[in-house]
Every structure is written in structure tokens, then in C-alpha cells.
>>> print(open('work_33.cif').read())   # mmCIF, C-alpha atoms and all ligand atoms
data_target
#
loop_
_atom_site.label_atom_id
_atom_site.label_comp_id
_atom_site.auth_asym_id
_atom_site.auth_seq_id
_atom_site.Cartn_x
_atom_site.Cartn_y
_atom_site.Cartn_z
CA HIS A 1 128.04 113.15 76.81
CA SER A 2 126.03 115.55 74.77
CA ASN A 3 123.53 117.39 76.92
CA MET A 4 120.78 116.89 74.37
CA SER A 5 120.80 113.13 74.13
CA PHE A 6 117.50 111.45 74.75
CA LEU A 7 116.29 108.28 76.35
CA PRO A 8 116.45 105.44 73.88
CA PHE A 9 113.25 103.93 75.27
CA GLY A 10 110.68 104.88 72.72
CA ILE A 11 111.51 108.60 72.91
CA SER A 12 111.51 109.81 69.34
CA ALA A 13 112.44 113.03 67.62
CA THR A 14 108.77 114.04 67.54
CA ASP A 15 108.70 113.79 71.34
CA ARG A 16 111.06 116.75 71.52
CA LYS A 17 108.14 119.10 71.33
CA TRP A 18 107.24 117.88 74.82
CA GLU A 19 110.71 118.54 76.20
CA ILE A 20 110.85 120.92 79.13
CA PRO A 21 114.45 121.99 79.90
CA ARG A 22 115.29 121.12 83.50
CA LYS A 23 116.49 124.64 84.17
CA TRP A 24 112.91 125.87 83.68
CA LEU A 25 111.72 123.65 86.48
CA ILE A 26 111.87 124.59 90.15
CA ILE A 27 110.97 121.53 92.18
CA ASP A 28 109.45 122.20 95.57
CA GLU A 29 111.44 119.60 97.53
CA LYS A 30 109.78 120.42 100.83
CA THR A 31 106.26 119.33 99.97
CA PRO A 32 106.16 116.07 98.03
CA LEU A 33 102.59 115.53 96.86
CA GLY A 34 102.95 111.81 97.03
CA GLU A 35 105.64 109.30 97.70
CA GLY A 36 105.67 105.56 97.60
CA GLU A 37 107.44 102.40 96.71
CA PHE A 38 107.20 103.22 93.02
CA GLY A 39 108.13 106.83 92.83
CA GLN A 40 107.27 110.35 93.73
CA VAL A 41 105.04 113.19 92.70
CA MET A 42 106.49 116.62 93.45
CA ARG A 43 105.02 120.04 93.17
CA ALA A 44 107.06 122.26 90.87
CA THR A 45 106.96 125.58 89.11
CA VAL A 46 107.77 125.90 85.45
CA THR A 47 109.22 129.27 84.51
CA SER A 48 109.57 131.04 81.21
CA VAL A 49 107.64 128.55 79.16
CA THR A 50 105.96 130.14 76.24
CA GLY A 51 103.97 127.07 75.28
CA ILE A 52 102.23 126.63 78.62
CA GLY A 53 102.19 130.18 79.90
CA GLY A 54 104.62 132.16 82.05
CA HIS A 55 104.82 130.80 85.57
CA ARG A 56 102.85 127.73 86.29
CA VAL A 57 102.52 125.29 89.14
CA VAL A 58 102.76 121.74 87.85
CA ALA A 59 103.14 118.20 89.16
CA ALA A 60 106.40 116.41 88.37
CA LYS A 61 106.23 112.66 88.49
CA MET A 62 109.33 110.51 88.70
CA ALA A 63 110.14 106.84 89.09
CA LYS A 64 112.08 106.28 92.28
CA THR A 65 114.93 104.31 90.80
CA ALA A 66 115.16 106.35 87.63
CA VAL A 67 118.42 107.97 88.66
CA MET A 68 120.07 104.58 88.98
CA ILE A 69 119.24 103.59 85.46
CA ASN A 70 122.07 103.64 83.00
CA ARG A 71 120.21 105.11 80.12
CA GLY A 72 123.13 104.64 77.80
CA ASP A 73 122.46 100.93 77.59
CA VAL A 74 119.50 100.21 75.42
CA GLY A 75 116.72 98.18 76.94
CA GLU A 76 118.05 96.09 79.74
CA MET A 77 118.47 98.56 82.59
CA ILE A 78 114.94 99.93 82.60
CA SER A 79 113.07 99.46 85.88
CA PRO A 80 109.38 98.46 85.91
CA GLU A 81 108.61 101.82 87.56
CA LEU A 82 110.31 103.75 84.78
CA ALA A 83 108.62 101.55 82.19
CA ASP A 84 105.23 102.51 83.67
CA LEU A 85 106.12 106.17 83.63
CA LEU A 86 107.29 105.97 80.03
CA SER A 87 104.13 104.18 78.97
CA GLU A 88 102.09 106.83 80.76
CA PHE A 89 104.02 109.49 78.84
CA HIS A 90 103.39 107.84 75.47
CA LEU A 91 99.73 107.36 76.25
CA LEU A 92 99.07 110.87 77.53
CA LYS A 93 100.65 112.41 74.43
CA ASP A 94 97.67 111.21 72.44
CA VAL A 95 94.77 112.03 74.73
CA SER A 96 92.92 115.26 75.25
CA HIS A 97 89.79 115.51 77.36
CA PRO A 98 88.70 117.94 80.09
CA ASN A 99 88.32 115.03 82.52
CA VAL A 100 91.62 113.34 81.77
CA ILE A 101 94.86 114.59 83.32
CA LYS A 102 96.75 116.80 80.92
CA LEU A 103 100.34 116.17 79.96
CA LEU A 104 102.37 119.38 79.88
CA GLY A 105 105.73 117.94 78.98
CA ALA A 106 108.63 115.82 80.12
CA CYS A 107 112.29 116.09 81.04
CA THR A 108 113.93 113.28 79.13
CA ASP A 109 117.54 114.40 78.79
CA VAL A 110 120.10 112.21 80.50
CA SER A 111 121.36 114.83 82.93
CA GLY A 112 118.68 113.81 85.45
CA PRO A 113 115.78 111.45 86.10
CA PHE A 114 112.95 111.12 83.60
CA LEU A 115 110.23 113.54 84.73
CA LEU A 116 106.65 113.55 83.60
CA ILE A 117 105.17 117.05 83.90
CA LEU A 118 101.44 117.07 84.49
CA GLU A 119 98.85 119.71 85.23
CA TYR A 120 98.55 120.39 88.93
CA CYS A 121 95.27 119.48 90.62
CA GLU A 122 94.98 121.51 93.80
CA HIS A 123 92.64 119.22 95.69
CA GLY A 124 94.71 116.06 95.21
CA SER A 125 93.15 112.65 94.76
CA LEU A 126 89.37 112.24 94.78
CA ARG A 127 89.65 109.59 97.49
CA ASN A 128 91.44 111.93 99.89
CA TYR A 129 89.19 114.79 98.87
CA LEU A 130 86.10 112.75 99.74
CA ARG A 131 87.58 111.64 103.04
CA ARG A 132 88.58 115.18 103.98
CA SER A 133 85.09 116.40 103.13
CA ARG A 134 83.69 114.16 105.90
CA LEU A 135 85.36 116.41 108.43
CA VAL A 136 83.64 119.57 107.27
CA LEU A 137 80.25 120.17 108.77
CA PRO A 138 77.98 122.67 107.05
CA GLU A 139 77.75 124.78 110.27
CA GLN A 140 81.54 124.99 110.34
CA GLN A 141 81.55 126.37 106.84
CA GLN A 142 79.07 129.05 107.73
CA GLN A 143 81.10 130.09 110.74
CA ASN A 144 84.39 130.01 108.94
CA PRO A 145 83.90 130.57 105.22
CA SER A 146 87.65 130.22 104.58
CA SER A 147 87.40 126.52 105.41
CA VAL A 148 85.32 126.22 102.27
CA MET A 149 88.46 126.95 100.27
CA VAL A 150 90.49 124.22 101.95
CA THR A 151 87.96 121.42 102.10
CA PRO A 152 84.73 122.26 100.40
CA ALA A 153 81.73 120.32 101.64
CA VAL A 154 80.56 117.77 99.15
CA THR A 155 76.88 117.80 98.29
CA PRO A 156 74.95 114.87 96.79
CA ARG A 157 74.87 116.88 93.58
CA ASP A 158 78.68 117.21 93.63
CA LEU A 159 78.93 113.44 93.93
CA LEU A 160 76.71 113.01 90.88
CA SER A 161 78.73 115.62 89.05
CA PHE A 162 81.91 113.69 89.84
CA ALA A 163 80.26 110.47 88.60
CA TRP A 164 79.19 112.27 85.44
CA GLN A 165 82.65 113.71 84.76
CA ILE A 166 84.35 110.37 85.32
CA SER A 167 81.84 108.58 83.09
CA GLN A 168 82.62 111.15 80.38
CA ALA A 169 86.33 110.34 80.72
CA GLY A 170 85.43 106.63 80.57
CA ALA A 171 83.41 107.14 77.40
CA TYR A 172 86.28 109.09 75.85
CA LEU A 173 88.85 106.42 76.74
CA CYS A 174 86.55 103.73 75.41
CA GLU A 175 86.21 105.66 72.16
CA MET A 176 90.01 105.93 72.03
CA LYS A 177 90.13 102.16 72.58
CA LEU A 178 92.05 102.66 75.76
CA VAL A 179 91.51 100.51 78.81
CA HIS A 180 92.53 102.25 81.99
CA ARG A 181 92.70 99.09 84.16
CA ASP A 182 92.93 101.03 87.40
CA LEU A 183 89.91 103.28 87.60
CA ALA A 184 89.46 104.14 91.29
CA ALA A 185 88.94 107.26 93.39
CA ARG A 186 92.64 107.25 94.33
CA ASN A 187 93.46 107.64 90.63
CA VAL A 188 91.14 110.55 89.96
CA LEU A 189 92.48 114.02 90.75
CA VAL A 190 90.38 117.02 91.68
CA ALA A 191 91.33 120.34 90.13
CA SER A 192 89.97 123.76 91.03
CA GLY A 193 86.28 124.22 90.33
CA LYS A 194 85.68 120.60 91.44
CA VAL A 195 86.83 119.30 88.08
CA CYS A 196 87.69 115.61 88.07
CA LYS A 197 90.63 114.34 86.05
CA VAL A 198 91.24 110.66 85.52
CA SER A 199 94.96 110.05 86.01
CA ASP A 200 97.54 107.34 86.61
CA PHE A 201 97.80 105.71 83.28
CA GLY A 202 100.88 103.77 84.22
CA LEU A 203 98.79 101.08 85.94
CA THR A 204 101.14 100.83 88.88
CA ARG A 205 100.37 103.35 91.58
CA ASP A 206 102.88 105.37 93.50
CA VAL A 207 100.97 105.35 96.72
CA TYR A 208 98.63 102.60 97.79
CA GLU A 209 97.17 101.10 100.88
CA GLY A 210 97.16 97.67 102.41
CA ASP A 211 94.73 95.60 100.41
CA THR A 212 94.49 97.82 97.38
CA TYR A 213 96.99 95.98 95.25
CA PHE A 214 97.34 92.28 95.61
CA LYS A 215 100.85 91.16 94.95
CA THR A 216 101.08 88.40 92.41
CA SER A 217 103.84 87.24 90.13
CA LYS A 218 102.52 89.78 87.67
CA GLY A 219 102.98 92.67 90.08
CA ARG A 220 100.38 94.56 92.07
CA VAL A 221 96.78 94.52 91.04
CA PRO A 222 93.86 96.43 92.51
CA ILE A 223 91.80 93.34 93.46
CA LYS A 224 88.79 95.14 94.91
CA TRP A 225 88.25 97.23 91.77
CA MET A 226 88.70 94.34 89.37
CA ALA A 227 86.00 92.69 87.29
CA LEU A 228 85.42 88.97 87.67
CA GLU A 229 87.01 88.21 84.28
CA SER A 230 90.08 90.28 85.17
CA LEU A 231 90.46 88.30 88.41
CA SER A 232 90.02 84.92 86.76
CA ASP A 233 91.55 85.39 83.32
CA HIS A 234 93.48 88.68 83.46
CA VAL A 235 91.07 90.04 80.89
CA TYR A 236 90.80 93.82 80.78
CA THR A 237 88.34 95.63 78.51
CA SER A 238 86.26 98.79 78.61
CA LYS A 239 83.64 96.58 80.28
CA SER A 240 86.08 95.73 83.07
CA ASP A 241 86.68 99.49 83.38
CA VAL A 242 82.88 99.80 83.76
CA TRP A 243 83.04 97.34 86.67
CA SER A 244 85.73 99.49 88.31
CA PHE A 245 83.58 102.56 87.66
CA GLY A 246 80.83 100.81 89.66
CA VAL A 247 83.24 100.46 92.59
CA LEU A 248 84.14 104.13 92.12
CA LEU A 249 80.43 105.01 92.41
CA TRP A 250 80.42 103.10 95.68
CA GLU A 251 83.46 105.11 96.82
CA LEU A 252 81.58 108.30 95.97
CA ALA A 253 78.49 107.22 97.88
CA THR A 254 80.57 106.35 100.96
CA LEU A 255 82.82 109.43 100.74
CA GLY A 256 85.91 107.36 100.10
CA ALA A 257 85.41 104.21 102.18
CA ASN A 258 87.41 101.04 101.47
CA PRO A 259 85.36 98.62 99.38
CA TYR A 260 84.37 95.18 100.72
CA PRO A 261 85.29 95.99 104.31
CA GLY A 262 86.42 92.88 106.15
CA VAL A 263 86.81 90.83 102.98
CA THR A 264 90.35 89.64 102.32
CA PRO A 265 91.53 89.89 98.71
CA GLU A 266 92.00 86.11 98.69
CA ARG A 267 88.31 85.55 99.45
CA LEU A 268 86.89 88.15 97.12
CA TYR A 269 86.78 86.17 93.89
CA ARG A 270 84.79 83.24 95.35
CA LEU A 271 82.43 85.64 97.05
CA LEU A 272 81.72 87.54 93.83
CA LYS A 273 81.41 84.31 91.88
CA THR A 274 78.64 83.14 94.23
CA GLY A 275 76.75 86.34 93.37
CA TYR A 276 77.66 88.44 96.39
CA ARG A 277 77.82 92.20 95.77
CA MET A 278 78.32 95.13 98.15
CA GLU A 279 75.21 96.39 99.91
CA LYS A 280 73.63 99.74 99.24
CA PRO A 281 75.57 102.31 101.26
CA ASP A 282 73.65 104.52 103.71
CA ASN A 283 72.43 107.71 102.10
CA CYS A 284 72.82 106.24 98.62
CA SER A 285 69.80 106.55 96.34
CA GLU A 286 68.18 103.41 94.88
CA GLU A 287 68.94 104.80 91.44
CA LEU A 288 72.66 105.13 92.08
CA TYR A 289 72.82 101.72 93.71
CA ASP A 290 71.00 100.22 90.75
CA LEU A 291 73.65 101.74 88.49
CA MET A 292 76.56 100.25 90.42
CA MET A 293 74.86 96.85 90.48
CA LYS A 294 74.54 96.99 86.68
CA CYS A 295 78.27 97.70 86.45
CA TRP A 296 78.91 94.55 88.50
CA ARG A 297 77.00 92.11 86.31
CA GLU A 298 78.93 88.90 85.83
CA ASP A 299 78.53 88.94 82.04
CA PRO A 300 80.56 91.89 80.72
CA GLN A 301 78.16 92.25 77.77
CA GLU A 302 75.29 92.93 80.16
CA ARG A 303 77.06 95.82 81.83
CA PRO A 304 76.22 99.30 80.55
CA GLN A 305 78.56 101.11 78.17
CA PHE A 306 80.21 104.27 79.43
CA ALA A 307 78.10 106.28 76.96
CA GLU A 308 74.95 104.88 78.63
CA LEU A 309 76.36 105.63 82.07
CA VAL A 310 76.88 109.26 81.02
CA LYS A 311 73.21 109.47 79.97
CA THR A 312 71.86 107.81 83.10
CA VAL A 313 73.89 110.06 85.41
CA GLU A 314 72.78 113.05 83.33
CA ASP A 315 69.16 112.05 83.92
CA MET A 316 69.85 111.76 87.63
CA LEU A 317 71.40 115.23 87.58
CA GLY A 318 68.51 116.57 85.59
CA VAL A 319 70.75 118.33 83.09
CA GLY A 320 69.86 119.01 79.49
CA MET A 321 66.31 119.99 80.39
O1 LIG B 1 95.53 112.91 97.48
P1 LIG B 1 96.88 113.32 97.12
O2 LIG B 1 97.52 114.40 97.88
O3 LIG B 1 96.92 113.70 95.58
O4 LIG B 1 97.85 112.07 97.02
C1 LIG B 1 98.19 111.72 95.71
C2 LIG B 1 99.69 111.67 95.56
O5 LIG B 1 100.10 112.75 94.76
C3 LIG B 1 100.19 110.39 94.91
O6 LIG B 1 99.69 110.26 93.64
C4 LIG B 1 99.02 113.59 94.48
N1 LIG B 1 99.06 113.95 93.07
C5 LIG B 1 99.38 113.14 92.03
N2 LIG B 1 99.32 113.82 90.89
C6 LIG B 1 98.96 115.09 91.19
C7 LIG B 1 98.70 116.26 90.40
N3 LIG B 1 98.82 116.22 89.07
N4 LIG B 1 98.32 117.37 91.05
C8 LIG B 1 98.18 117.36 92.40
N5 LIG B 1 98.41 116.30 93.18
C9 LIG B 1 98.79 115.17 92.58
C10 LIG B 1 97.76 112.86 94.82
#
>>> encode(input="work_33.cif", output="C-alpha cells")
Amino acid sequence: HSNMSFLPFGISATDRKWEIPRKWLIIDEKTPLGEGEFGQVMRATVTSVTGIGGHRVVAAKMAKTAVMINRGDVGEMISPELADLLSEFHLLKDVSHPNVIKLLGACTDVSGPFLLILEYCEHGSLRNYLRRSRLVLPEQQQQNPSSVMVTPAVTPRDLLSFAWQISQAGAYLCEMKLVHRDLAARNVLVASGKVCKVSDFGLTRDVYEGDTYFKTSKGRVPIKWMALESLSDHVYTSKSDVWSFGVLLWELATLGANPYPGVTPERLYRLLKTGYRMEKPDNCSEELYDLMMKCWREDPQERPQFAELVKTVEDMLGVGM
């Protein structure tokens, strides 16, 4: 086997510019960032890469069963997990936005598993970041300023800033005619400087919790983030992404709580259809609650566009004055 053969699955000659030789990658095996039924995210260091700067910490994402795949046989041996990773690769090649996870490269040669190399986001997922922030009391931070570095306290203004950044990413994706389908706090990463990056473009998540994805014949779907029309007709549009963004606003307001507590995924559709929506969380402003409620309008056309959401959150932040 030639050591420079490439995956047949949609990897073209022009993709070679993304190729990172495996020998440049040092995978930190001891501290997997995330592991699940679908694959793994590992922390790694890329060395001697001119394109992306000398030494750099990155995230390497792999499909769990990728090693088992006989990549010599075209088509038939590809696992759904690898298919998701490959589609994420092809999608990320064409996007560029400060609030969308950045693709740095890939390892596609057949000497090892397909690896997607992404920028590293030191604070991990927004959901975990929000939940960790609950544990930090302002007094604690004053006493021990170093704790600020580990888990910075989250202010109401930070939450609005996160909402604003994610709405910008939403507006960008909408402009690119891309539908994310799985916008949720677990799929937003937090980089240094509290910069939010929308990630997980493969639809299927690596790590998930109990009622997050409802298993159907079509795979796992994030029921509690899904718009009514996605639940009933499997319709996904930028307006269904707006619905999910509304749930994400609720996650922000509750510092990462699980939506619709006590509601089983099976019951959710009927409940929403009868007009039920989540209550205003404690400490959530009327304005922010009004915004999420608009995102959850039954008629997709009546929901705001991402561009409008950006403006409304901007007004709430008081920027541009
Ligand atoms: O909250 P976390 O630690 O941050 O748990 C998830 C886990 O992997 C599964 O996705 C973490 N993760 C994923 N991608 C990255 C990345 N690019 N940088 C840092 N952490 C990541 C995420």
C-alpha cells in the first residue's frame, strides 16, 4: 500500500491542502476531551506545521469504529459515525466565521483512523461551562483569584454576549444556506476570552445524555431542541435552527439546565402542539423570555430571522451606541 493513498469517500485532490501528516501529531492519550458511543475527541499537539504555526494544541476528533473500516473498498464499509465525521469535514472546509469552530486539517491517509483536526477550545462545551460556573461564588473569586482562570463566573452580560455570538453564527450559517440541525449548548464550545464557537456539524453527537437524543429508526435526534415541524415532518430549516436557538437561550438563562424537566420525549410533541411552552426561568429578564417565546412560535414564518435576533440581542446589550 502506498502511504499517500487517500480515503475514497469524497476526499479529493484539492483536500490535500488540509492534510496533516500523522507524524506531526502528538495525541494526548491520557486526557480524552470527550468520549462516547460515536467516537472520541482527544487533545493533541501539532508540531512543525508552517501553515498553522509552530506548536499548537488542537482537538482531534475520530469516529470510534474508523479503524475497523476497510477503506480500500469503496462505499460499503463506511460506518454512520465516520460518515458524520466526513460530512463535518466537507462542511467545515467551506465555512469561516469567528463564532464557528475552525477546521485546521485532517489526517486522511490509510495508515490510521480518519482524524478531524479542530481548533482547541479551552473551556470545553458551553453547557458544561455554564454548569461549572454555578459552583463559583463571587466571594470565592475574590478570595482566590486563580479560580477565575479555571471557572470564570458568568455575569448576565456574559450570557447576553454568548447569545449574541451564537446568533451571529446562526446568521452566518443561514446566509451560507446551512442548517445546523443540532444547535444546543452542548454543541457550542467556549474558547479563551469567552469566545463561543458553534461546533458539531456532523449532526450526531459523540457525548450525550439520557433524553437528549431520542432513538428512532432514523438514528438519534435531539427531541427537546427540535421545532414542531422537525418533530412532525422531519423538516429542518434555518427557522427550525431559530427554534433550537430559543432553547439555547433558555439553557443560558438557567446556566445549563435540562429543558422541559420532567417531560418525557414521547410526550413533548403533544404538549407543544397544545401551545405549551417552557416558563420564564428565574432571574431571566422579560425581554429575553420574550425572545425565546418568539423563537418557539408554531408557524416557522413568524419566528424571527437570525439577523433580527442579532439586532435584538445587540439592543439588549446596548452595543453600537
Ligand atoms: O465540555 P467538554 O469537556 O467539551 O465535553 C465535550 C467533549 O469534548 C465531547 O464533545 C470536548 N470538545 C469537543 N471539541 C473540543 C474542542 N475543539 N476543544 C476543546 N474541547 C472540545 C467538549
>>> atom_distance(input="work_33.cif", atom1="CA of Arg186 in chain A", atom2="CA of Arg127 in chain A")
4.9 Å
>>> residues_near_ligand(input="work_33.cif", ligand="ligand LIG 1 (chain B)", cutoff="6 Å", atoms="only C-alpha atoms and all ligand atoms", output="short mmCIF file (atom, residue, chain, number, x, y, z; two decimals) with C-alpha atoms, in the frame of the given file")
data_model
loop_
_atom_site.label_atom_id
_atom_site.label_comp_id
_atom_site.auth_asym_id
_atom_site.auth_seq_id
_atom_site.Cartn_x
_atom_site.Cartn_y
_atom_site.Cartn_z
CA LEU A 33 102.59 115.53 96.86
CA GLY A 34 102.95 111.81 97.03
CA VAL A 41 105.04 113.19 92.70
CA ALA A 59 103.14 118.20 89.16
CA LEU A 118 101.44 117.07 84.49
CA GLU A 119 98.85 119.71 85.23
CA TYR A 120 98.55 120.39 88.93
CA CYS A 121 95.27 119.48 90.62
CA GLU A 122 94.98 121.51 93.80
CA GLY A 124 94.71 116.06 95.21
CA SER A 125 93.15 112.65 94.76
CA ASN A 128 91.44 111.93 99.89
CA ASP A 206 102.88 105.37 93.50
CA VAL A 207 100.97 105.35 96.72
#
>>> residues_near_point(input="work_33.cif", point="(87.2, 110.1, 101.4)", cutoff="10 Å", atoms="all atoms listed in the file", output="PyMOL selection string")
chain A and resi 125-135+185-186+251-258
>>> closest_residue(input="work_33.cif", among="A:Ala307, A:Val46, A:Val247, A:Leu116", to="Met278 in chain A", atoms="all atoms listed in the file")
A:Val247
>>> atom_distance(input="work_33.cif", atom1="CA of Tyr269 in chain A", atom2="CA of Glu175 in chain A")
29.2 Å
>>> atom_distance(input="work_33.cif", atom1="CA of Lys17 in chain A", atom2="CA of Pro113 in chain A")
18.3 Å
>>> closest_residue(input="work_33.cif", among="A:Arg22, A:Trp243, A:Lys294, A:Ser285", to="Val110 in chain A", atoms="only C-alpha atoms")
A:Arg22
>>> residues_near_point(input="work_33.cif", point="(114.1, 116.2, 82.3)", cutoff="7 Å", atoms="all atoms listed in the file", output="PyMOL selection string")
chain A and resi 20-22+106-109+112-115
>>> closest_residue(input="work_33.cif", among="A:His123, A:Lys194, A:Leu160, A:Lys93", to="Lys311 in chain A", atoms="all atoms listed in the file")
A:Leu160
>>> axis_aligned_box(input="work_33.cif", around="range 185-191 of chain A", padding_each_side="3 Å", output="lines of an AutoDock Vina configuration file")
center_x = 91.2
center_y = 113.8
center_z = 92.1
size_x = 10.5
size_y = 19.1
size_z = 10.4
>>> residues_around(input="work_33.cif", residues="Leu85 in chain A", least_positions_apart="2", cutoff="10 Å", atoms="all atoms listed in the file", output="list in words")
Phe38, Gly39, Lys61, Met62, Ala63, Ala66, Ser79, Pro80, Glu81, Leu82, Ala83, Ser87, Glu88, Phe89, His90, Leu91, Phe114, Leu115, Leu116, Asp200, Phe201, Gly202, Leu203 and Thr204 of chain A
>>> residues_around(input="work_33.cif", residues="range 232-238 of chain A", least_positions_apart="5", cutoff="12 Å", atoms="only C-alpha atoms", output="mmCIF file with C-alpha atoms, in the coordinates of the input")
data_model
loop_
_atom_site.group_PDB
_atom_site.id
_atom_site.type_symbol
_atom_site.label_atom_id
_atom_site.label_comp_id
_atom_site.auth_asym_id
_atom_site.auth_seq_id
_atom_site.Cartn_x
_atom_site.Cartn_y
_atom_site.Cartn_z
ATOM 1 C CA SER A 167 81.840 108.580 83.090
ATOM 2 C CA ALA A 169 86.330 110.340 80.720
ATOM 3 C CA GLY A 170 85.430 106.630 80.570
ATOM 4 C CA ALA A 171 83.410 107.140 77.400
ATOM 5 C CA TYR A 172 86.280 109.090 75.850
ATOM 6 C CA LEU A 173 88.850 106.420 76.740
ATOM 7 C CA CYS A 174 86.550 103.730 75.410
ATOM 8 C CA GLU A 175 86.210 105.660 72.160
ATOM 9 C CA MET A 176 90.010 105.930 72.030
ATOM 10 C CA LYS A 177 90.130 102.160 72.580
ATOM 11 C CA LEU A 178 92.050 102.660 75.760
ATOM 12 C CA VAL A 179 91.510 100.510 78.810
ATOM 13 C CA HIS A 180 92.530 102.250 81.990
ATOM 14 C CA ARG A 181 92.700 99.090 84.160
ATOM 15 C CA ASP A 182 92.930 101.030 87.400
ATOM 16 C CA LEU A 183 89.910 103.280 87.600
ATOM 17 C CA LEU A 203 98.790 101.080 85.940
ATOM 18 C CA THR A 216 101.080 88.400 92.410
ATOM 19 C CA LYS A 218 102.520 89.780 87.670
ATOM 20 C CA VAL A 221 96.780 94.520 91.040
ATOM 21 C CA PRO A 222 93.860 96.430 92.510
ATOM 22 C CA ILE A 223 91.800 93.340 93.460
ATOM 23 C CA TRP A 225 88.250 97.230 91.770
ATOM 24 C CA MET A 226 88.700 94.340 89.370
ATOM 25 C CA ALA A 227 86.000 92.690 87.290
ATOM 26 C CA TRP A 243 83.040 97.340 86.670
ATOM 27 C CA SER A 244 85.730 99.490 88.310
ATOM 28 C CA PHE A 245 83.580 102.560 87.660
ATOM 29 C CA LEU A 268 86.890 88.150 97.120
ATOM 30 C CA TYR A 269 86.780 86.170 93.890
ATOM 31 C CA ARG A 270 84.790 83.240 95.350
ATOM 32 C CA LEU A 272 81.720 87.540 93.830
ATOM 33 C CA LYS A 273 81.410 84.310 91.880
ATOM 34 C CA CYS A 295 78.270 97.700 86.450
ATOM 35 C CA GLU A 298 78.930 88.900 85.830
ATOM 36 C CA PRO A 300 80.560 91.890 80.720
ATOM 37 C CA GLN A 301 78.160 92.250 77.770
ATOM 38 C CA ARG A 303 77.060 95.820 81.830
ATOM 39 C CA PRO A 304 76.220 99.300 80.550
ATOM 40 C CA GLN A 305 78.560 101.110 78.170
ATOM 41 C CA PHE A 306 80.210 104.270 79.430
ATOM 42 C CA ALA A 307 78.100 106.280 76.960
#
>>> residues_around(input="work_33.cif", residues="Pro98 in chain A", least_positions_apart="2", cutoff="10 Å", atoms="only C-alpha atoms", output="mmCIF file with C-alpha atoms, keeping the file's coordinate frame")
data_model
loop_
_atom_site.group_PDB
_atom_site.id
_atom_site.type_symbol
_atom_site.label_atom_id
_atom_site.label_comp_id
_atom_site.auth_asym_id
_atom_site.auth_seq_id
_atom_site.Cartn_x
_atom_site.Cartn_y
_atom_site.Cartn_z
ATOM 1 C CA SER A 96 92.920 115.260 75.250
ATOM 2 C CA VAL A 100 91.620 113.340 81.770
ATOM 3 C CA ILE A 101 94.860 114.590 83.320
ATOM 4 C CA LYS A 102 96.750 116.800 80.920
ATOM 5 C CA GLN A 165 82.650 113.710 84.760
ATOM 6 C CA GLN A 168 82.620 111.150 80.380
ATOM 7 C CA ALA A 169 86.330 110.340 80.720
ATOM 8 C CA VAL A 195 86.830 119.300 88.080
ATOM 9 C CA CYS A 196 87.690 115.610 88.070
ATOM 10 C CA LYS A 197 90.630 114.340 86.050
ATOM 11 C CA VAL A 198 91.240 110.660 85.520
#
